[in-house]
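Data block for work-v3.txt (compact mmCIF, C-alpha atoms and all ligand atoms):
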```
# COMPACT_ATOMS: atom_id res chain seq x y z
CA MET A 1 -23.97 12.30 15.63
CA LYS A 2 -20.31 11.29 16.00
CA ILE A 3 -19.06 9.61 12.83
CA HIS A 4 -16.61 6.76 13.18
CA ASN A 5 -14.47 7.14 10.08
CA PHE A 6 -13.04 3.82 8.89
CA SER A 7 -12.01 5.19 5.49
CA ALA A 8 -8.82 3.77 3.98
CA GLY A 9 -7.67 7.23 3.01
CA PRO A 10 -7.68 10.13 2.91
CA SER A 11 -8.56 9.37 6.44
CA ILE A 12 -8.88 10.57 9.95
CA LEU A 13 -6.66 13.20 11.62
CA PRO A 14 -6.50 14.08 15.32
CA GLN A 15 -9.13 16.68 16.28
CA GLU A 16 -6.53 19.03 17.77
CA VAL A 17 -4.56 18.90 14.51
CA LEU A 18 -7.66 19.75 12.47
CA LYS A 19 -8.42 22.65 14.81
CA LYS A 20 -4.90 24.12 14.66
CA ALA A 21 -4.72 23.64 10.88
CA SER A 22 -8.06 25.36 10.35
CA GLU A 23 -6.97 28.28 12.53
CA ALA A 24 -3.77 28.65 10.49
CA ALA A 25 -5.82 28.67 7.29
CA ILE A 26 -7.48 31.87 8.56
CA GLU A 27 -4.51 33.44 10.30
CA TYR A 28 -1.12 31.89 11.01
CA ASN A 29 0.34 32.54 14.43
CA GLY A 30 -1.09 36.07 14.82
CA ILE A 31 0.85 37.46 11.84
CA GLY A 32 -2.22 38.89 10.09
CA LEU A 33 -1.96 36.49 7.13
CA SER A 34 -3.18 33.00 6.40
CA LEU A 35 -0.57 30.27 6.17
CA LEU A 36 -1.85 29.89 2.61
CA GLU A 37 -0.87 33.45 1.78
CA ILE A 38 2.72 33.61 2.98
CA SER A 39 5.84 32.96 0.95
CA HIS A 40 7.29 29.51 1.29
CA ARG A 41 10.67 31.28 1.50
CA SER A 42 9.55 33.25 4.56
CA LYS A 43 11.06 32.29 7.91
CA HIS A 44 7.59 31.20 9.05
CA PHE A 45 7.36 28.46 6.47
CA VAL A 46 11.05 27.54 6.36
CA ASP A 47 10.76 26.84 10.11
CA ILE A 48 7.69 24.66 9.53
CA MET A 49 9.44 22.64 6.82
CA GLU A 50 12.58 22.18 8.90
CA ASN A 51 10.57 21.20 11.96
CA ALA A 52 8.53 18.66 9.95
CA ARG A 53 11.69 17.13 8.44
CA ALA A 54 13.41 16.93 11.83
CA LEU A 55 10.35 15.46 13.57
CA ALA A 56 10.01 12.74 10.94
CA LEU A 57 13.62 11.63 11.48
CA GLU A 58 13.34 11.93 15.26
CA LEU A 59 10.19 9.80 15.49
CA LEU A 60 11.74 7.12 13.28
CA GLY A 61 14.94 7.14 15.35
CA LEU A 62 17.00 8.15 12.32
CA GLU A 63 18.51 11.45 13.44
CA GLY A 64 22.25 11.72 12.88
CA LYS A 65 22.37 8.42 10.99
CA GLY A 66 22.94 9.72 7.46
CA TYR A 67 19.28 10.07 6.49
CA LYS A 68 17.42 13.06 5.05
CA ALA A 69 13.67 13.63 5.14
CA LEU A 70 11.85 15.26 2.23
CA PHE A 71 8.25 16.37 1.82
CA LEU A 72 7.54 15.97 -1.89
CA GLN A 73 4.51 16.08 -4.19
CA GLY A 74 2.88 13.64 -6.58
CA GLY A 75 1.82 11.09 -3.99
CA ALA A 76 3.38 7.73 -3.26
CA SER A 77 2.64 6.87 -6.90
CA THR A 78 5.33 9.31 -8.03
CA GLN A 79 7.79 7.51 -5.75
CA PHE A 80 7.22 4.34 -7.76
CA ILE A 81 9.03 6.02 -10.65
CA MET A 82 11.40 8.24 -8.62
CA VAL A 83 12.85 5.24 -6.80
CA ALA A 84 13.65 3.53 -10.09
CA LEU A 85 14.99 6.71 -11.70
CA ASN A 86 17.37 7.37 -8.81
CA LEU A 87 18.46 3.86 -7.86
CA LEU A 88 17.98 1.45 -10.72
CA GLU A 89 21.06 0.85 -12.85
CA LYS A 90 20.97 -2.81 -13.82
CA ARG A 91 18.34 -4.78 -11.95
CA ALA A 92 16.09 -4.53 -8.90
CA GLY A 93 14.12 -7.10 -6.90
CA TYR A 94 10.52 -6.46 -5.86
CA LEU A 95 8.32 -8.31 -3.40
CA ASN A 96 4.84 -8.43 -4.90
CA THR A 97 2.24 -8.33 -2.13
CA GLY A 98 -0.65 -6.54 -3.78
CA THR A 99 -1.99 -3.81 -6.01
CA TRP A 100 0.43 -1.14 -4.79
CA SER A 101 3.46 -3.39 -5.25
CA GLU A 102 2.18 -4.25 -8.73
CA LYS A 103 1.98 -0.57 -9.56
CA ALA A 104 5.51 0.03 -8.24
CA ILE A 105 6.76 -2.87 -10.37
CA LYS A 106 4.98 -1.58 -13.47
CA GLU A 107 6.66 1.81 -13.21
CA ALA A 108 10.13 0.40 -12.49
CA LYS A 109 9.76 -1.86 -15.54
CA ILE A 110 10.13 1.24 -17.68
CA TYR A 111 13.84 0.99 -16.86
CA ASP A 112 14.46 -2.70 -16.38
CA ASP A 113 13.05 -6.17 -16.50
CA ILE A 114 12.24 -6.19 -12.78
CA TYR A 115 12.71 -9.45 -10.91
CA GLU A 116 9.91 -10.46 -8.56
CA VAL A 117 11.62 -12.10 -5.59
CA ALA A 118 8.26 -13.54 -4.53
CA SER A 119 4.54 -12.93 -5.00
CA SER A 120 1.32 -13.78 -3.18
CA LYS A 121 -0.82 -13.15 -6.25
CA ASP A 122 -1.63 -16.89 -6.44
CA ALA A 123 -3.82 -16.57 -3.33
CA GLY A 124 -5.41 -13.19 -4.03
CA TYR A 125 -2.67 -11.49 -2.01
CA ASN A 126 -4.06 -12.76 1.29
CA TYR A 127 -0.62 -13.55 2.73
CA ILE A 128 2.97 -12.27 2.83
CA PRO A 129 5.51 -14.52 1.07
CA LYS A 130 8.41 -15.67 3.22
CA GLY A 131 11.70 -17.47 2.79
CA TYR A 132 12.66 -15.78 -0.48
CA GLU A 133 16.19 -14.86 -1.53
CA ILE A 134 17.27 -11.33 -2.34
CA PRO A 135 20.03 -11.43 -4.99
CA GLU A 136 23.18 -9.73 -3.72
CA ASN A 137 24.17 -8.23 -7.04
CA TYR A 138 20.97 -6.21 -7.54
CA ASP A 139 20.69 -2.46 -7.05
CA TYR A 140 17.92 -2.55 -4.44
CA PHE A 141 15.07 -4.54 -2.98
CA HIS A 142 11.57 -3.00 -2.81
CA CYS A 143 8.69 -4.01 -0.57
CA THR A 144 5.35 -2.64 0.64
CA SER A 145 5.08 -2.79 4.43
CA ASN A 146 1.30 -2.71 4.63
CA ASN A 147 -1.09 -3.75 1.89
CA THR A 148 -3.91 -1.29 2.31
CA ILE A 149 -6.27 -3.12 -0.04
CA PHE A 150 -5.84 -6.74 1.05
CA GLY A 151 -5.15 -6.10 4.74
CA THR A 152 -1.79 -7.83 5.07
CA GLN A 153 1.32 -6.45 6.74
CA ILE A 154 4.95 -7.51 6.81
CA LYS A 155 5.79 -8.39 10.41
CA GLN A 156 9.37 -9.52 9.89
CA PHE A 157 11.48 -7.66 7.35
CA PRO A 158 14.34 -9.51 5.63
CA ASN A 159 17.97 -8.69 6.31
CA SER A 160 18.56 -7.36 2.85
CA PRO A 161 22.11 -7.60 1.47
CA ILE A 162 21.30 -4.65 -0.82
CA PRO A 163 19.57 -1.30 -0.12
CA MET A 164 16.02 -1.88 1.07
CA VAL A 165 13.29 0.47 -0.19
CA CYS A 166 9.88 0.37 1.45
CA ASP A 167 6.50 1.87 0.62
CA MET A 168 5.11 2.57 4.10
CA SER A 169 2.19 4.68 2.91
CA SER A 170 -0.39 2.97 5.08
CA ASP A 171 1.51 2.16 8.26
CA ILE A 172 4.26 4.75 8.68
CA PHE A 173 4.63 5.87 12.33
CA SER A 174 2.24 3.14 13.50
CA ARG A 175 4.65 0.55 14.95
CA GLN A 176 8.18 0.26 16.23
CA LEU A 177 10.65 -1.09 13.71
CA ASP A 178 14.37 -0.88 13.31
CA PHE A 179 14.13 1.82 10.66
CA THR A 180 17.90 1.72 10.07
CA LYS A 181 17.22 -1.52 8.15
CA PHE A 182 15.72 0.63 5.39
CA ASP A 183 17.67 2.82 3.00
CA LEU A 184 14.66 4.57 1.53
CA ILE A 185 11.17 4.85 3.00
CA TYR A 186 8.29 6.66 1.34
CA ALA A 187 4.73 7.31 2.40
CA GLY A 188 1.85 9.39 1.08
CA ALA A 189 0.68 11.63 3.93
CA GLN A 190 -3.01 10.93 3.74
CA LYS A 191 -3.32 7.98 6.10
CA ASN A 192 -1.15 8.42 9.18
CA MET A 193 0.28 11.89 8.74
CA GLY A 194 -1.75 14.62 7.11
CA PRO A 195 -3.85 15.67 4.15
CA ALA A 196 -3.25 14.35 0.64
CA GLY A 197 -0.77 16.50 -1.26
CA THR A 198 2.56 15.63 0.25
CA THR A 199 4.64 12.47 0.46
CA LEU A 200 7.32 11.81 3.01
CA VAL A 201 10.58 10.39 1.67
CA VAL A 202 13.31 9.37 4.09
CA VAL A 203 16.48 8.43 2.31
CA LYS A 204 19.97 7.42 3.34
CA GLU A 205 22.16 9.83 1.43
CA ASP A 206 24.96 7.39 0.66
CA ILE A 207 22.79 5.27 -1.66
CA LEU A 208 22.27 8.22 -4.04
CA GLY A 209 24.29 9.39 -7.03
CA LYS A 210 25.15 5.91 -8.28
CA VAL A 211 23.12 5.66 -11.49
CA SER A 212 24.49 6.75 -14.84
CA ARG A 213 21.28 8.21 -16.29
CA LYS A 214 20.36 11.89 -16.21
CA ILE A 215 17.55 12.52 -13.75
CA PRO A 216 15.12 15.43 -14.23
CA SER A 217 15.85 17.94 -11.43
CA ILE A 218 12.49 17.70 -9.72
CA MET A 219 12.73 13.90 -9.62
CA ASP A 220 16.29 13.86 -8.32
CA TYR A 221 16.53 13.14 -4.58
CA GLN A 222 19.97 14.78 -4.43
CA VAL A 223 18.57 18.00 -5.92
CA GLN A 224 15.63 17.91 -3.50
CA ILE A 225 18.03 17.42 -0.57
CA SER A 226 20.29 20.26 -1.72
CA LYS A 227 17.22 22.54 -1.89
CA SER A 228 16.04 21.54 1.61
CA SER A 229 12.88 19.97 0.16
CA MET A 230 11.95 23.24 -1.54
CA PHE A 231 13.09 22.84 -5.12
CA ASN A 232 9.75 24.31 -6.11
CA THR A 233 6.81 25.71 -4.15
CA PRO A 234 5.99 23.01 -1.61
CA PRO A 235 2.42 22.09 -0.60
CA VAL A 236 2.55 24.39 2.41
CA PHE A 237 -0.74 23.44 4.01
CA ALA A 238 -0.16 19.70 3.72
CA VAL A 239 3.35 20.03 5.16
CA TYR A 240 2.12 22.21 8.04
CA THR A 241 -0.69 19.80 8.89
CA SER A 242 1.73 16.86 8.72
CA MET A 243 4.05 18.72 11.09
CA LEU A 244 1.16 19.18 13.51
CA THR A 245 0.37 15.44 13.40
CA LEU A 246 4.02 14.59 14.02
CA GLU A 247 4.03 16.97 17.01
CA TRP A 248 0.82 15.34 18.26
CA LEU A 249 2.47 11.93 17.99
CA LYS A 250 5.62 13.09 19.75
CA ASN A 251 3.58 14.56 22.63
CA LEU A 252 1.67 11.30 22.91
CA GLY A 253 4.91 9.42 23.53
CA GLY A 254 5.98 8.70 19.96
CA ILE A 255 5.63 5.49 17.97
CA LYS A 256 5.94 3.28 21.08
CA ALA A 257 2.82 4.86 22.60
CA ILE A 258 0.70 4.73 19.45
CA GLU A 259 1.78 1.15 18.77
CA GLU A 260 0.16 0.07 22.05
CA VAL A 261 -3.14 1.67 21.01
CA ASN A 262 -2.90 0.19 17.52
CA GLU A 263 -2.30 -3.28 18.96
CA MET A 264 -5.33 -2.93 21.19
CA LYS A 265 -7.54 -1.82 18.30
CA ALA A 266 -6.34 -4.75 16.19
CA ARG A 267 -6.98 -7.22 19.02
CA VAL A 268 -10.53 -5.93 19.48
CA ILE A 269 -11.52 -6.17 15.80
CA TYR A 270 -9.77 -9.46 15.01
CA SER A 271 -11.14 -11.26 18.04
CA GLU A 272 -14.65 -10.27 16.95
CA ILE A 273 -13.96 -11.45 13.39
CA ASP A 274 -12.70 -14.79 14.75
CA LEU A 275 -15.38 -15.35 17.37
CA ASN A 276 -18.43 -14.14 15.46
CA PRO A 277 -19.60 -16.91 13.10
CA LEU A 278 -21.20 -14.35 10.76
CA PHE A 279 -17.81 -12.97 9.68
CA LYS A 280 -14.68 -14.33 8.09
CA GLY A 281 -11.30 -12.58 7.86
CA TYR A 282 -9.68 -12.18 4.44
CA ALA A 283 -5.95 -12.20 5.27
CA VAL A 284 -4.22 -15.21 6.83
CA LYS A 285 -3.94 -14.70 10.59
CA GLU A 286 -0.19 -14.34 10.95
CA ASP A 287 -0.01 -11.62 8.29
CA ARG A 288 -3.01 -9.55 9.36
CA SER A 289 -2.60 -5.81 9.14
CA TYR A 290 -2.99 -3.69 12.27
CA MET A 291 -4.04 -0.80 10.06
CA ASN A 292 -6.58 -2.32 7.64
CA ALA A 293 -8.70 -5.27 8.80
CA THR A 294 -10.37 -6.95 5.81
CA PHE A 295 -13.34 -9.27 6.31
CA ASN A 296 -16.49 -10.59 4.72
CA LEU A 297 -19.97 -11.59 5.77
CA VAL A 298 -20.31 -15.36 5.56
CA ASN A 299 -23.91 -14.96 4.41
CA ASP A 300 -24.52 -12.09 2.01
CA ASP A 301 -28.23 -12.09 2.85
CA LEU A 302 -27.33 -10.14 5.97
CA LYS A 303 -25.63 -7.37 3.98
CA GLU A 304 -28.56 -4.96 3.99
CA THR A 305 -29.31 -5.39 7.70
CA PHE A 306 -25.63 -5.02 8.62
CA GLU A 307 -25.19 -1.92 6.52
CA THR A 308 -28.32 -0.29 7.93
CA MET A 309 -27.06 -0.98 11.45
CA LEU A 310 -23.66 0.50 10.57
CA LYS A 311 -25.32 3.63 9.29
CA GLU A 312 -27.43 3.99 12.41
CA ALA A 313 -24.30 3.67 14.56
CA GLY A 314 -22.53 6.42 12.58
CA ILE A 315 -19.96 4.06 11.08
CA SER A 316 -18.68 5.15 7.69
CA GLY A 317 -16.03 4.16 5.14
CA LEU A 318 -16.21 0.43 5.88
CA ASN A 319 -16.64 -0.82 2.34
CA GLY A 320 -13.83 -2.99 1.03
CA HIS A 321 -11.75 -1.83 -1.92
CA ARG A 322 -13.63 -2.23 -5.20
CA SER A 323 -11.20 -4.97 -6.30
CA VAL A 324 -11.78 -7.14 -3.20
CA GLY A 325 -15.31 -6.35 -1.97
CA GLY A 326 -16.47 -7.18 1.56
CA TYR A 327 -15.44 -4.86 4.35
CA ARG A 328 -12.28 -3.09 5.40
CA ALA A 329 -11.88 -1.36 8.75
CA SER A 330 -9.01 1.09 8.44
CA MET A 331 -7.72 1.97 11.90
CA TYR A 332 -4.96 4.51 11.41
CA ASN A 333 -3.13 6.27 14.25
CA ALA A 334 -5.78 8.94 14.83
CA MET A 335 -8.65 6.46 15.18
CA PRO A 336 -9.68 6.10 18.81
CA LEU A 337 -10.18 2.65 20.35
CA ASP A 338 -13.80 3.65 21.04
CA SER A 339 -14.57 3.77 17.32
CA VAL A 340 -13.35 0.18 16.91
CA LYS A 341 -15.44 -0.82 19.92
CA ALA A 342 -18.48 0.85 18.30
CA LEU A 343 -17.96 -1.25 15.17
CA VAL A 344 -17.50 -4.45 17.14
CA GLU A 345 -20.71 -3.72 19.03
CA VAL A 346 -22.63 -3.58 15.74
CA MET A 347 -21.03 -6.83 14.58
CA SER A 348 -21.99 -8.65 17.77
CA GLU A 349 -25.47 -7.13 17.73
CA LEU A 350 -25.91 -8.57 14.25
CA GLU A 351 -25.08 -11.99 15.63
CA THR A 352 -27.81 -11.63 18.26
CA LYS A 353 -30.31 -10.55 15.62
CA ALA A 354 -29.46 -13.17 12.99
N1 LIG B 401 1.09 2.72 -1.68
C1 LIG B 401 0.18 2.30 -0.78
C2 LIG B 401 0.54 1.19 0.17
C3 LIG B 401 -1.09 2.89 -0.74
O1 LIG B 401 -2.00 2.46 0.15
C4 LIG B 401 -1.40 3.92 -1.65
C5 LIG B 401 -2.72 4.56 -1.65
O2 LIG B 401 -3.64 4.18 -0.95
C6 LIG B 401 -0.42 4.32 -2.57
C7 LIG B 401 0.82 3.70 -2.55
C8 LIG B 401 -0.68 5.40 -3.57
O3 LIG B 401 -0.62 6.62 -2.92
P1 LIG B 401 -0.91 8.00 -3.66
O4 LIG B 401 -2.38 8.04 -3.90
O5 LIG B 401 -0.44 9.01 -2.66
O6 LIG B 401 -0.13 8.03 -4.91
```
Before anything else, please render the file you have as structure tokens.
Amino acid sequence: MKIHNFSAGPSILPQEVLKKASEAAIEYNGIGLSLLEISHRSKHFVDIMENARALALELLGLEGKGYKALFLQGGASTQFIMVALNLLEKRAGYLNTGTWSEKAIKEAKIYDDIYEVASSKDAGYNYIPKGYEIPENYDYFHCTSNNTIFGTQIKQFPNSPIPMVCDMSSDIFSRQLDFTKFDLIYAGAQKNMGPAGTTLVVVKEDILGKVSRKIPSIMDYQVQISKSSMFNTPPVFAVYTSMLTLEWLKNLGGIKAIEEVNEMKARVIYSEIDLNPLFKGYAVKEDRSYMNATFNLVNDDLKETFETMLKEAGISGLNGHRSVGGYRASMYNAMPLDSVKALVEVMSELETKA
């Protein structure tokens, strides 16, 4: 049976990417060796890394604009500390929109008494704060574009008077934005790009080298740039698979093309949530995420029936994050519209049954 994978991550990858990646794990490009067996200094892998870095910049529209792309390790969680290490001299401002922002703030607090420009904690992070001020004399402003756990997404980014840093782990490459607004973007691969194990960092070079502290080499963006993202042995398989996904996206028509599909998927799920009296959305409407739709059953007595029906329809990974409960439909780039339609069918069938 076909499984519709609504997992929040690690999540779904395009079938053709999985096929090519699995072939390369056995033998890469007819060279008689697995991709996993070749030196990362070989031309084969250097080409893969350079292609992945170039594709990331190309898809974001950032080629030739002073940005560098890096494929690092340690997940987005390591970026929480790397951002502060590399950019924080006196004070930074953070927008607190959920668990991942909280974690970023906690790490940056090792270096400074971080200022929260605004927070939606008061309402269980079900909305995106607006109308806040970003102090001009701070080192940088940090925000999280999509809140994977609570299902909210920033639709309008501020015009920041200071460098803007954004954790785009759960919606990178999913929608068109003016990416030149951002000075540093980071994203763990395992939602819209590839397997867990690598993290994309896109950084504008001219914001670096301004802090007075000594930065450990592996955590220093300037060192990573000077070593072409290969300061140490990179996660070759994760980078290769990410490159394949970026190629897949480019062939599809880039971010513009996938955005149309993502908008359609979001329309289908949210109209069911709004029209079906058995369900209630978690996030406020205007801030709803196109990647993670969070919702609850109005009457928990239907939980068992609903979950049995989901299982029978081959729908998996729909449980909400343990801190929120309810349900979360994660609809990353590789999820086909048909999977969302399959879920909506079960939801409306429940209404007929109840
Ligand atoms: N930031 C966001 C928005 C996330 O959704 C996640 C994980 O789901 C992380 C950061 C942490 O990523 P990692 O597990 O790669 O450290």
Residues of chain A within 6 Å of ligand LIG 401 (chain B): nearest atom pair and distance (Å, one decimal) for each, counting all atoms listed in the file, sorted by chain and number, as JSON lines?
```
{"residue": "A:Gly75", "atom": "CA", "partner": "B:LIG401", "partner_atom": "O5", "distance": 3.3}
{"residue": "A:Ala76", "atom": "CA", "partner": "B:LIG401", "partner_atom": "O6", "distance": 3.9}
{"residue": "A:Ser77", "atom": "CA", "partner": "B:LIG401", "partner_atom": "O6", "distance": 3.6}
{"residue": "A:Trp100", "atom": "CA", "partner": "B:LIG401", "partner_atom": "N1", "distance": 5.0}
{"residue": "A:Asn146", "atom": "CA", "partner": "B:LIG401", "partner_atom": "C2", "distance": 6.0}
{"residue": "A:Asn147", "atom": "CA", "partner": "B:LIG401", "partner_atom": "C2", "distance": 5.5}
{"residue": "A:Thr148", "atom": "CA", "partner": "B:LIG401", "partner_atom": "O1", "distance": 4.7}
{"residue": "A:Asp167", "atom": "CA", "partner": "B:LIG401", "partner_atom": "N1", "distance": 5.9}
{"residue": "A:Ser169", "atom": "CA", "partner": "B:LIG401", "partner_atom": "C2", "distance": 4.7}
{"residue": "A:Ser170", "atom": "CA", "partner": "B:LIG401", "partner_atom": "O1", "distance": 5.2}
{"residue": "A:Gly188", "atom": "CA", "partner": "B:LIG401", "partner_atom": "O5", "distance": 4.4}
```
Pull C-alpha atoms from the residues just selected and write them as an mmCIF file, in the coordinates of the input.
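Listing of part08.cif after writing:
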```cif
data_model
loop_
_atom_site.group_PDB
_atom_site.id
_atom_site.type_symbol
_atom_site.label_atom_id
_atom_site.label_comp_id
_atom_site.auth_asym_id
_atom_site.auth_seq_id
_atom_site.Cartn_x
_atom_site.Cartn_y
_atom_site.Cartn_z
ATOM 1 C CA GLY A 75 1.820 11.090 -3.990
ATOM 2 C CA ALA A 76 3.380 7.730 -3.260
ATOM 3 C CA SER A 77 2.640 6.870 -6.900
ATOM 4 C CA TRP A 100 0.430 -1.140 -4.790
ATOM 5 C CA ASN A 146 1.300 -2.710 4.630
ATOM 6 C CA ASN A 147 -1.090 -3.750 1.890
ATOM 7 C CA THR A 148 -3.910 -1.290 2.310
ATOM 8 C CA ASP A 167 6.500 1.870 0.620
ATOM 9 C CA SER A 169 2.190 4.680 2.910
ATOM 10 C CA SER A 170 -0.390 2.970 5.080
ATOM 11 C CA GLY A 188 1.850 9.390 1.080
#
```
Tell me, as a tab-separated table (two decimals) with C-alpha atoms, in the coordinates of the input, which residues lie within 8 Å of segment 200-206 of chain A, counting all atoms listed in the file; anything in the same chain fewer than 3 positions away does not count.
```tsv
chain	number	residue	atom	x	y	z
A	57	LEU	CA	13.62	11.63	11.48
A	66	GLY	CA	22.94	9.72	7.46
A	67	TYR	CA	19.28	10.07	6.49
A	68	LYS	CA	17.42	13.06	5.05
A	69	ALA	CA	13.67	13.63	5.14
A	70	LEU	CA	11.85	15.26	2.23
A	71	PHE	CA	8.25	16.37	1.82
A	72	LEU	CA	7.54	15.97	-1.89
A	183	ASP	CA	17.67	2.82	3.00
A	184	LEU	CA	14.66	4.57	1.53
A	185	ILE	CA	11.17	4.85	3.00
A	186	TYR	CA	8.29	6.66	1.34
A	187	ALA	CA	4.73	7.31	2.40
A	188	GLY	CA	1.85	9.39	1.08
A	189	ALA	CA	0.68	11.63	3.93
A	209	GLY	CA	24.29	9.39	-7.03
A	222	GLN	CA	19.97	14.78	-4.43
```
Would you please work out which residue, of A:Pro336, A:Asn296, A:Met347, A:Glu272, is nearest to Met309 of chain A when using all atoms listed in the file?
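Closest to Met309 of chain A of all the choices is A:Met347.
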Please work out which residues fall within 7 Å of (-6.7, 1.0, 14.7), coordinates as given in the file, with only C-alpha atoms counting, and return them as an MDAnalysis selection string.
chainID A and resid 262 265:266 290:291 330:333 335 337
Please write as a list in words the list of polymer residues whose atoms come within 9 Å of (19.9, 2.1, -7.7), counting all atoms listed in the file and keeping to the coordinates of the file.
Val83, Ala84, Leu85, Asn86, Leu87, Leu88, Glu89, Lys90, Arg91, Ala92, Tyr138, Asp139, Tyr140, Pro163, Ile207, Leu208, Gly209, Lys210 and Val211 of chain A
Save the residues we just selected, C-alpha atoms, as an mmCIF file, in the coordinates of the input?
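Contents of the output file result33.cif:
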```cif
data_model
loop_
_atom_site.group_PDB
_atom_site.id
_atom_site.type_symbol
_atom_site.label_atom_id
_atom_site.label_comp_id
_atom_site.auth_asym_id
_atom_site.auth_seq_id
_atom_site.Cartn_x
_atom_site.Cartn_y
_atom_site.Cartn_z
ATOM 1 C CA VAL A 83 12.850 5.240 -6.800
ATOM 2 C CA ALA A 84 13.650 3.530 -10.090
ATOM 3 C CA LEU A 85 14.990 6.710 -11.700
ATOM 4 C CA ASN A 86 17.370 7.370 -8.810
ATOM 5 C CA LEU A 87 18.460 3.860 -7.860
ATOM 6 C CA LEU A 88 17.980 1.450 -10.720
ATOM 7 C CA GLU A 89 21.060 0.850 -12.850
ATOM 8 C CA LYS A 90 20.970 -2.810 -13.820
ATOM 9 C CA ARG A 91 18.340 -4.780 -11.950
ATOM 10 C CA ALA A 92 16.090 -4.530 -8.900
ATOM 11 C CA TYR A 138 20.970 -6.210 -7.540
ATOM 12 C CA ASP A 139 20.690 -2.460 -7.050
ATOM 13 C CA TYR A 140 17.920 -2.550 -4.440
ATOM 14 C CA PRO A 163 19.570 -1.300 -0.120
ATOM 15 C CA ILE A 207 22.790 5.270 -1.660
ATOM 16 C CA LEU A 208 22.270 8.220 -4.040
ATOM 17 C CA GLY A 209 24.290 9.390 -7.030
ATOM 18 C CA LYS A 210 25.150 5.910 -8.280
ATOM 19 C CA VAL A 211 23.120 5.660 -11.490
#
```
